[in-house]
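What follows is a set of notes on a single structure, which appears directly below.
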Amino acid sequence: MRLLEGRSVVVTGGARGIGRAIAEACLEHGGRVVLADVDADAAEKTAAELARDGAEVLPVGCDVTAETDVENMVARCAEAYGSVDVLVNNAGITRDATLRTMDSDQFRQVMDVHLYGTWLGTKYASLRMRDQGHGSIINISSISGKVGLPGQTNYSAAKAGIVGMTKAAAKELAHLGVRVNAVQPGLVRTAMTEALRPEIWQEKLAGVPMGRAAEPAEVGSVVLFLASDLSSYMTGTVLEVTGGRHM
Ligand code: NDP
């Protein structure tokens, strides 16, 4: 069964890591993907790698903190595929530091990409989805937004904010046929976490009952579920993908 046959999917931060895995999962299930990333060359390279066996992948350069970029990304999807059925607000950065050493730029950059970027994407996609009468928006939060992680006051606050935004948007958009849900991954093996020191990895893994980090595809499959009609009666929910960490 192909869960997204013919449906259009926009993924931000899609050039690598979890975003790339989300794009792959959607393509495998018949979706047509706009692969957006702040690094336009990386988006093009990844799109070329994924566009095999007739898969439709359109690379778009998009900084999610730039309103005109986000508006353009959504418009490009509608032009290319005739609709905007799914948006995944995935783009993310970290700027870790202890509260006492973090500077204002580190705080603001993380807020901008995660919170403002998610808000912009949701706003422009929902305008299209309202006109279509359907849509599914999936926001990538983090378990840090539930429990708070030391060294990540900026990131934890932004990821908790995404949960609040998800619920408010879900309530605003439900009567238009638009669902909005969030995913909170725990430790996932990507460039974002591979830079962590080995002792920090061990410390994090010690708290995971399943005893290992997630592969990006294990987040991709949960996003696929939320994008598809299998979750047709779910909105405003937050799904944890943590191997049991922070139960
Ligand atoms: P990666 O760093 O591997 O990938 C993030 C992607 O987002 C990169 O391609 C990056 O581009 C892009 N990006 C960064 N800033 C912007 C921007 N302003 N506009 C558009 N694209 C941008 O991260 P992950 O795949 O690990 O993370 C994906 C999401 O999952 C993030 O929201 C992250 O917070 C969340 N997450 C990750 C976890 C993990 O353990 N890895 C755990 C929980 C949540 P560039 O490379 O050019 O910077």
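Residue numbering restarts at 1 in every chain; chains get A, B, ... in the order shown in the structure tokens, and ligands count up from 1 in that same order.
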Check which residues of chain A sit at most 7 Å from ligand 1 using only C-alpha atoms and all ligand atoms, and return one row each with the closest pair of atoms and their distance in Å to one decimal, ordered by chain and rising number, as a Markdown table.
```
| residue | atom | partner | partner_atom_place_in_ligand_line | distance |
| --- | --- | --- | --- | --- |
| A:Thr12 | CA | ligand 1 | 20 (C) | 5.7 |
| A:Gly13 | CA | ligand 1 | 7 (O) | 3.4 |
| A:Gly14 | CA | ligand 1 | 9 (O) | 5.7 |
| A:Ala15 | CA | ligand 1 | 9 (O) | 4.5 |
| A:Arg16 | CA | ligand 1 | 9 (O) | 4.8 |
| A:Gly17 | CA | ligand 1 | 25 (O) | 3.5 |
| A:Ile18 | CA | ligand 1 | 25 (O) | 3.8 |
| A:Gly19 | CA | ligand 1 | 25 (O) | 5.6 |
| A:Ala36 | CA | ligand 1 | 20 (C) | 6.7 |
| A:Asp37 | CA | ligand 1 | 21 (N) | 4.1 |
| A:Val38 | CA | ligand 1 | 20 (C) | 3.9 |
| A:Asp39 | CA | ligand 1 | 47 (O) | 4.6 |
| A:Cys62 | CA | ligand 1 | 20 (C) | 5.5 |
| A:Asp63 | CA | ligand 1 | 19 (N) | 3.5 |
| A:Val64 | CA | ligand 1 | 19 (N) | 4.0 |
| A:Thr65 | CA | ligand 1 | 18 (N) | 5.5 |
| A:Asn90 | CA | ligand 1 | 32 (O) | 4.6 |
| A:Ala91 | CA | ligand 1 | 7 (O) | 3.9 |
| A:Gly92 | CA | ligand 1 | 32 (O) | 3.7 |
| A:Ile93 | CA | ligand 1 | 14 (C) | 5.3 |
| A:Val113 | CA | ligand 1 | 18 (N) | 5.1 |
| A:His114 | CA | ligand 1 | 32 (O) | 6.7 |
| A:Ile140 | CA | ligand 1 | 32 (O) | 5.3 |
| A:Ser141 | CA | ligand 1 | 44 (C) | 5.7 |
| A:Ser142 | CA | ligand 1 | 43 (C) | 4.0 |
| A:Ile143 | CA | ligand 1 | 43 (C) | 6.3 |
| A:Gln184 | CA | ligand 1 | 43 (C) | 6.1 |
| A:Pro185 | CA | ligand 1 | 43 (C) | 4.3 |
| A:Gly186 | CA | ligand 1 | 42 (C) | 4.8 |
| A:Leu187 | CA | ligand 1 | 40 (O) | 3.9 |
| A:Val188 | CA | ligand 1 | 40 (O) | 3.6 |
| A:Arg189 | CA | ligand 1 | 41 (N) | 5.8 |
| A:Thr190 | CA | ligand 1 | 26 (O) | 4.7 |
| A:Ala191 | CA | ligand 1 | 3 (O) | 4.4 |
| A:Met192 | CA | ligand 1 | 2 (O) | 4.4 |
| A:Thr193 | CA | ligand 1 | 41 (N) | 5.3 |
```
Item checked: Residues within 7 Å of range 26-30 of chain A, only C-alpha atoms, excluding chain neighbours under 3 positions, as a ChimeraX atom specification -> /A:2-6,22-23,33,55,224
Notebook entry, point to check: Looking at only C-alpha atoms, which of A:Ser144, A:Gln109, A:Ser136, A:Thr153 is the one that sits closest to Leu226 in chain A?
Noted result: A:Ser136
Next item on the list: Quick one: pick out all strand (DSSP E) residues within range 61-153 of chain A from a backbone DSSP run and write them as a PyMOL selection string.
Entry: chain A and resi 61+86-89+135-140
Could the residues in this selection be saved with all heavy atoms as a short mmCIF file (atom, residue, chain, number, x, y, z; two decimals), in the first residue's frame?
```cif
data_model
loop_
_atom_site.label_atom_id
_atom_site.label_comp_id
_atom_site.auth_asym_id
_atom_site.auth_seq_id
_atom_site.Cartn_x
_atom_site.Cartn_y
_atom_site.Cartn_z
N GLY A 61 15.94 26.28 -2.85
CA GLY A 61 16.72 26.97 -1.83
C GLY A 61 15.77 27.77 -0.96
O GLY A 61 14.97 28.55 -1.48
N VAL A 86 1.10 18.34 2.11
CA VAL A 86 1.81 18.07 3.38
C VAL A 86 2.97 19.06 3.51
O VAL A 86 3.68 19.32 2.54
CB VAL A 86 2.39 16.64 3.40
CG1 VAL A 86 3.17 16.38 4.68
CG2 VAL A 86 1.29 15.59 3.21
N LEU A 87 3.13 19.61 4.72
CA LEU A 87 4.34 20.41 5.02
C LEU A 87 5.00 19.81 6.24
O LEU A 87 4.34 19.56 7.26
CB LEU A 87 3.97 21.87 5.33
CG LEU A 87 5.11 22.68 5.97
CD1 LEU A 87 6.23 22.95 4.96
CD2 LEU A 87 4.60 24.00 6.54
N VAL A 88 6.31 19.59 6.15
CA VAL A 88 7.07 19.14 7.32
C VAL A 88 8.06 20.24 7.69
O VAL A 88 9.00 20.53 6.94
CB VAL A 88 7.82 17.82 7.05
CG1 VAL A 88 8.44 17.32 8.36
CG2 VAL A 88 6.91 16.77 6.45
N ASN A 89 7.81 20.89 8.83
CA ASN A 89 8.72 21.92 9.34
C ASN A 89 9.83 21.22 10.11
O ASN A 89 9.69 20.92 11.30
CB ASN A 89 7.96 22.89 10.25
CG ASN A 89 7.04 23.81 9.49
OD1 ASN A 89 7.46 24.50 8.55
ND2 ASN A 89 5.77 23.84 9.86
N GLY A 135 -5.12 19.24 4.31
CA GLY A 135 -3.66 19.35 4.46
C GLY A 135 -3.21 18.75 5.77
O GLY A 135 -3.99 18.57 6.70
N SER A 136 -1.92 18.40 5.80
CA SER A 136 -1.33 17.87 7.04
C SER A 136 0.00 18.58 7.26
O SER A 136 0.86 18.59 6.37
CB SER A 136 -1.13 16.36 6.91
OG SER A 136 -0.46 15.88 8.07
N ILE A 137 0.15 19.17 8.44
CA ILE A 137 1.40 19.86 8.79
C ILE A 137 2.03 19.11 9.94
O ILE A 137 1.35 18.77 10.92
CB ILE A 137 1.10 21.33 9.17
CG1 ILE A 137 0.51 22.08 7.97
CG2 ILE A 137 2.38 22.03 9.67
CD1 ILE A 137 0.00 23.48 8.27
N ILE A 138 3.32 18.82 9.80
CA ILE A 138 4.03 18.09 10.85
C ILE A 138 5.23 18.93 11.28
O ILE A 138 6.06 19.32 10.45
CB ILE A 138 4.50 16.70 10.35
CG1 ILE A 138 3.28 15.85 9.96
CG2 ILE A 138 5.28 15.98 11.46
CD1 ILE A 138 3.19 15.55 8.51
N ASN A 139 5.28 19.21 12.56
CA ASN A 139 6.37 20.02 13.11
C ASN A 139 7.35 19.15 13.88
O ASN A 139 6.94 18.35 14.74
CB ASN A 139 5.80 21.09 14.04
CG ASN A 139 4.90 22.06 13.31
OD1 ASN A 139 5.12 22.34 12.13
ND2 ASN A 139 3.89 22.57 13.99
N ILE A 140 8.63 19.29 13.58
CA ILE A 140 9.63 18.50 14.30
C ILE A 140 10.08 19.27 15.54
O ILE A 140 10.80 20.26 15.45
CB ILE A 140 10.84 18.15 13.39
CG1 ILE A 140 10.37 17.48 12.09
CG2 ILE A 140 11.79 17.23 14.16
CD1 ILE A 140 9.56 16.20 12.26
#
```
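You will find CA of Asp112 in chain A at 15.5 Å from CA of Val163 in chain A.
Excluding range 206-211 of chain A itself and same-chain residues fewer than 3 positions from it, the residues having an atom within 10 Å of it are Gly186, Leu187, Ile200, Trp201, Gln202, Glu203, Ala214, Thr242, Gly243, Gly244, Arg245, His246 and Met247 of chain A, counting only C-alpha atoms.
Taking only C-alpha atoms into account, Lys146 in chain A lies nearest to A:Leu239 out of the set A:Leu35, A:Ala170, A:Val11, A:Leu239.
Among the candidates A:Met129, A:Ala75, A:Ala66, A:Val222, the residue lying nearest to Val178 in chain A is A:Met129 (atoms considered: only C-alpha atoms).
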Margin query: Nearest residue to Tyr233 in chain A out of A:Arg179, A:Arg20, A:Lys159, A:Arg197, using only C-alpha atoms?
Written below: A:Arg179
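Here the DSSP assignment of helix (DSSP H, G or I), based on backbone atoms, applies within range 191-235 of chain A to Ala191, Met192, Thr193, Glu194, Pro198, Glu199, Ile200, Trp201, Gln202, Glu203, Lys204, Leu205, Ala206, Pro216, Ala217, Glu218, Val219, Gly220, Ser221, Val222, Val223, Leu224, Phe225, Leu226, Ala227, Asp229, Leu230 and Ser231 of chain A.
The interatomic distance for the pair CA of Leu120 in chain A and CA of Val74 in chain A works out to 10.5 Å.
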Check: What lies within 10 Å of Gly82 in chain A using only C-alpha atoms, ignoring chain neighbours under 5 positions off, as a VMD selection string?
Finding: chain A and resid 7 to 8 75 to 77
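Across A:Pro216, A:Gly161, A:Pro150, A:Gly133, the tightest approach to His175 in chain A is made by A:Gly133 when counting only C-alpha atoms.
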Next item on the list: Please provide as a list in words all residues within 9 Å of Asn154 in chain A, with the sequence filter that same-chain residues fewer than 6 positions apart are discarded (counting only C-alpha atoms).
Entry: Thr94, Arg95, Asp96, Ala97, Leu99, Met102, Gln106, Phe107, Arg108, Gln109, Val110 and Met111 of chain A
How would the residues just picked look written out with all heavy atoms as a tab-separated table (two decimals), in the first residue's frame?
```
chain	number	residue	atom	x	y	z
A	94	THR	N	21.47	23.93	16.18
A	94	THR	CA	21.75	24.06	17.62
A	94	THR	C	22.85	25.11	17.81
A	94	THR	O	23.70	25.28	16.92
A	94	THR	CB	22.24	22.73	18.24
A	94	THR	OG1	23.28	22.19	17.42
A	94	THR	CG2	21.12	21.71	18.34
A	95	ARG	N	22.79	25.79	18.90
A	95	ARG	CA	23.84	26.74	19.31
A	95	ARG	C	24.01	26.55	20.81
A	95	ARG	O	23.61	27.38	21.61
A	95	ARG	CB	23.44	28.19	18.99
A	95	ARG	CG	23.25	28.51	17.52
A	95	ARG	CD	24.59	28.58	16.76
A	95	ARG	NE	24.38	28.96	15.37
A	95	ARG	CZ	24.22	28.09	14.36
A	95	ARG	NH1	24.24	26.79	14.60
A	95	ARG	NH2	24.06	28.52	13.13
A	96	ASP	N	24.58	25.39	21.19
A	96	ASP	CA	24.60	25.01	22.60
A	96	ASP	C	25.59	25.83	23.43
A	96	ASP	O	26.71	26.11	22.98
A	96	ASP	CB	24.96	23.52	22.75
A	96	ASP	CG	23.91	22.60	22.13
A	96	ASP	OD1	22.88	23.10	21.67
A	96	ASP	OD2	24.16	21.37	22.12
A	97	ALA	N	25.19	26.16	24.62
A	97	ALA	CA	26.07	26.81	25.62
A	97	ALA	C	25.31	26.83	26.93
A	97	ALA	O	24.08	26.78	26.93
A	97	ALA	CB	26.42	28.24	25.20
A	99	LEU	N	23.63	28.44	30.18
A	99	LEU	CA	22.85	29.68	30.30
A	99	LEU	C	23.75	30.88	30.59
A	99	LEU	O	23.56	31.97	30.05
A	99	LEU	CB	21.84	29.49	31.44
A	99	LEU	CG	20.90	30.64	31.76
A	99	LEU	CD1	20.09	31.03	30.53
A	99	LEU	CD2	19.96	30.22	32.88
A	102	MET	N	25.88	31.60	27.22
A	102	MET	CA	25.19	31.79	25.94
A	102	MET	C	25.02	33.29	25.65
A	102	MET	O	24.68	34.05	26.54
A	102	MET	CB	23.81	31.11	26.00
A	102	MET	CG	23.08	31.11	24.67
A	102	MET	SD	21.48	30.29	24.79
A	102	MET	CE	21.97	28.58	25.07
A	106	GLN	N	23.20	33.56	19.93
A	106	GLN	CA	22.94	32.11	20.01
A	106	GLN	C	21.48	31.86	20.37
A	106	GLN	O	20.84	30.94	19.85
A	106	GLN	CB	23.85	31.46	21.06
A	106	GLN	CG	25.31	31.38	20.62
A	106	GLN	CD	26.19	30.93	21.78
A	106	GLN	OE1	26.24	31.57	22.83
A	106	GLN	NE2	26.89	29.83	21.59
A	107	PHE	N	20.95	32.65	21.26
A	107	PHE	CA	19.55	32.49	21.65
A	107	PHE	C	18.62	32.82	20.48
A	107	PHE	O	17.75	32.05	20.10
A	107	PHE	CB	19.22	33.38	22.86
A	107	PHE	CG	17.82	33.18	23.36
A	107	PHE	CD1	17.51	32.12	24.18
A	107	PHE	CD2	16.81	34.04	22.97
A	107	PHE	CE1	16.21	31.90	24.62
A	107	PHE	CE2	15.50	33.84	23.39
A	107	PHE	CZ	15.21	32.76	24.22
A	108	ARG	N	18.87	33.98	19.88
A	108	ARG	CA	17.96	34.47	18.83
A	108	ARG	C	18.01	33.59	17.57
A	108	ARG	O	16.98	33.36	16.93
A	108	ARG	CB	18.30	35.90	18.45
A	108	ARG	CG	17.91	36.89	19.53
A	108	ARG	CD	17.72	38.29	18.98
A	108	ARG	NE	17.36	39.20	20.05
A	108	ARG	CZ	18.19	40.08	20.59
A	108	ARG	NH1	19.42	40.18	20.16
A	108	ARG	NH2	17.78	40.87	21.56
A	109	GLN	N	19.21	33.12	17.20
A	109	GLN	CA	19.31	32.30	15.98
A	109	GLN	C	18.47	31.03	16.11
A	109	GLN	O	17.77	30.62	15.17
A	109	GLN	CB	20.78	31.91	15.72
A	109	GLN	CG	21.60	33.04	15.15
A	109	GLN	CD	23.10	32.76	15.21
A	109	GLN	OE1	23.53	31.65	15.52
A	109	GLN	NE2	23.90	33.77	14.90
A	110	VAL	N	18.54	30.41	17.27
A	110	VAL	CA	17.79	29.16	17.48
A	110	VAL	C	16.28	29.44	17.49
A	110	VAL	O	15.49	28.71	16.89
A	110	VAL	CB	18.28	28.45	18.76
A	110	VAL	CG1	17.33	27.35	19.18
A	110	VAL	CG2	19.68	27.89	18.52
A	111	MET	N	15.89	30.52	18.15
A	111	MET	CA	14.46	30.90	18.14
A	111	MET	C	13.98	31.16	16.72
A	111	MET	O	12.89	30.77	16.32
A	111	MET	CB	14.25	32.19	18.97
A	111	MET	CG	14.38	31.99	20.43
A	111	MET	SD	13.06	30.90	21.00
A	111	MET	CE	13.83	30.25	22.43
```
